[in-house]
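Have a look at my_file.cif below; it lists mmCIF, C-alpha atoms.
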```
data_entry
loop_
_atom_site.label_atom_id
_atom_site.label_comp_id
_atom_site.auth_asym_id
_atom_site.auth_seq_id
_atom_site.Cartn_x
_atom_site.Cartn_y
_atom_site.Cartn_z
CA MET A 300 -0.04 6.04 -46.91
CA TYR A 301 0.61 8.28 -43.94
CA VAL A 302 0.93 6.97 -40.44
CA ILE A 303 0.31 9.42 -37.67
CA PHE A 304 1.95 8.70 -34.38
CA LYS A 305 0.79 10.26 -31.18
CA LYS A 306 3.39 11.90 -29.06
CA LYS A 307 4.26 9.60 -26.21
CA VAL A 308 2.95 11.09 -22.99
CA GLU A 309 4.97 10.27 -19.92
CA ALA A 310 3.05 9.14 -16.89
CA ASP A 311 2.70 11.65 -14.09
CA PRO A 312 5.08 10.78 -11.18
CA GLY A 313 2.25 11.34 -8.70
CA GLU A 314 0.04 8.92 -10.59
CA ARG A 315 2.81 6.33 -10.64
CA ALA A 316 3.25 6.70 -6.90
CA LEU A 317 -0.50 6.34 -6.40
CA TRP A 318 -0.63 3.11 -8.40
CA GLY A 319 2.43 1.80 -6.55
CA ASP A 320 0.79 2.48 -3.20
CA LEU A 321 -2.45 0.81 -4.22
CA MET A 322 -0.73 -2.24 -5.67
CA SER A 323 1.41 -2.60 -2.57
CA LEU A 324 -1.76 -2.84 -0.49
CA GLY A 325 -2.95 -5.69 -2.68
CA PHE A 326 0.17 -7.64 -1.79
CA THR A 327 0.59 -6.45 1.80
CA PHE A 328 -2.77 -7.55 3.17
CA PRO A 329 -2.63 -11.24 2.24
CA ILE A 330 1.10 -11.56 2.95
CA CYS A 331 0.87 -9.98 6.42
CA ILE A 332 -2.14 -12.04 7.41
CA THR A 333 -0.73 -15.31 6.06
CA LEU A 334 2.72 -14.81 7.57
CA GLY A 335 1.22 -13.78 10.89
CA PHE A 336 -0.96 -16.88 10.99
CA PHE A 337 1.75 -19.39 10.11
CA LEU A 338 4.55 -17.77 12.08
CA GLY A 339 2.26 -17.53 15.10
CA ARG A 340 1.38 -21.20 14.74
CA TRP A 341 5.05 -22.15 14.41
CA ILE A 342 6.15 -20.06 17.40
CA GLY A 343 3.15 -21.24 19.42
CA GLY A 344 4.10 -24.83 18.59
CA HIS A 345 7.52 -24.31 20.16
CA PHE A 346 5.81 -23.25 23.38
CA GLY A 347 3.23 -26.04 23.23
CA HIS A 348 0.24 -23.90 22.21
CA PRO A 349 0.00 -23.79 18.39
CA ALA A 350 -3.70 -22.80 18.38
CA LEU A 351 -3.11 -19.83 20.67
CA GLY A 352 -0.03 -18.87 18.65
CA GLN A 353 -1.96 -18.90 15.38
CA TRP A 354 -4.61 -16.56 16.79
CA VAL A 355 -2.03 -14.18 18.21
CA GLY A 356 -0.13 -14.27 14.91
CA LEU A 357 -3.33 -13.72 12.94
CA VAL A 358 -4.23 -10.66 15.00
CA TRP A 359 -0.65 -9.39 14.67
CA GLY A 360 -0.75 -9.86 10.88
CA ILE A 361 -4.09 -8.07 10.57
CA ALA A 362 -2.77 -5.20 12.69
CA ALA A 363 0.34 -4.96 10.49
CA ALA A 364 -1.79 -4.90 7.32
CA PHE A 365 -4.03 -2.15 8.66
CA TRP A 366 -0.99 -0.16 9.84
CA GLU A 367 0.28 -0.25 6.24
CA LEU A 368 -3.16 0.88 5.05
CA TYR A 369 -2.98 3.80 7.49
CA LYS A 370 0.48 4.82 6.24
CA VAL A 371 -0.62 4.67 2.60
CA ASN A 372 -3.71 6.70 3.44
CA ARG A 373 -1.54 9.37 5.10
CA ARG A 374 0.76 9.56 2.06
CA MET A 375 -2.19 9.84 -0.32
CA THR A 376 -3.81 12.55 1.82
CA ARG A 377 -0.61 14.61 1.86
CA ARG A 378 -0.27 14.18 -1.91
CA ASP A 379 -3.89 15.28 -2.44
CA GLU A 380 -3.46 18.32 -0.19
CA ALA A 381 -0.31 19.37 -2.06
CA GLU A 382 -2.07 18.97 -5.41
CA LEU A 383 -5.07 20.98 -4.18
CA LYS A 384 -2.77 23.73 -2.94
CA ARG A 385 -1.00 23.86 -6.33
CA ALA A 386 -4.37 24.05 -8.10
CA GLN A 387 -5.50 26.90 -5.87
CA GLU A 388 -2.28 28.79 -6.61
CA GLY A 389 -2.91 28.30 -10.32
CA ARG A 390 0.17 26.17 -10.95
CA GLU A 391 0.33 22.95 -12.91
CA PRO A 392 0.41 19.74 -10.87
CA HIS A 393 3.91 18.41 -10.16
CA GLU A 394 5.82 21.49 -11.31
#
```
Please express what this file holds, its structure, as structure tokens.
Amino acid sequence: MYVIFKKKVEADPGERALWGDLMSLGFTFPICITLGFFLGRWIGGHFGHPALGQWVGLVWGIAAAFWELYKVNRRMTRRDEAELKRAQEGREPHE
């Protein structure tokens, strides 16, 4: 009986980076929003206004999450432009 093994293909570094960026967004959004909410409530409680603090913290957390989304989008756009340029020059991706 013959067993045929496929040659192990290494993952493309650009693809790994893409998956890392996308997975980081999945963690960043809920963590930023949750931390902003509870830290804002805690800090607001020290100043006697926990409800106001939670809203300020919530807005701050949402802004931080969307800032991370913007940074990831910029990285992905640069990566796509570089890959398109390589394809137009006739080179293999990630040479």
Would you mind telling me which residue in A:Met322, A:Leu317, A:Ala381, A:Cys331 lies nearest to Ala364 (chain A) when using all atoms listed in the file?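 So, comparing all the options, the nearest one is A:Cys331.
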Would you mind reading off the distance between CA of Gly356 (chain A) and CA of Val371 (chain A), one decimal, in Å? 22.6 Å
Please write as a list in words the full residue list that the PyMOL selection byres ((chain A and resi 324) around 12) yields on this file.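 When the PyMOL selection byres ((chain A and resi 324) around 12) is applied, the selected residues are Leu317, Trp318, Gly319, Asp320, Leu321, Met322, Ser323, Gly325, Phe326, Thr327, Phe328, Pro329, Ile330, Cys331, Ala363, Ala364, Phe365, Trp366, Glu367, Leu368, Tyr369, Lys370, Val371 and Asn372 of chain A.
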Applying 12 Å and all atoms listed in the file, which residues near Val355 (chain A) remain after dropping the ones on its own chain fewer than 3 positions away? List them as a PyMOL selection string. chain A and resi 332+334-343+348-352+358-362
Between CA of Met375 (chain A) and CA of Ala316 (chain A), what is the distance in Å, rounded to a tenth?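 According to the coordinates, CA of Met375 (chain A) and CA of Ala316 (chain A) are separated by 9.1 Å.
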For CA of Leu357 (chain A) and CA of Thr376 (chain A), quote the distance in Å rounded to one decimal.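 Taking CA of Leu357 (chain A) as the start and CA of Thr376 (chain A) as the end point, the length is 28.5 Å.
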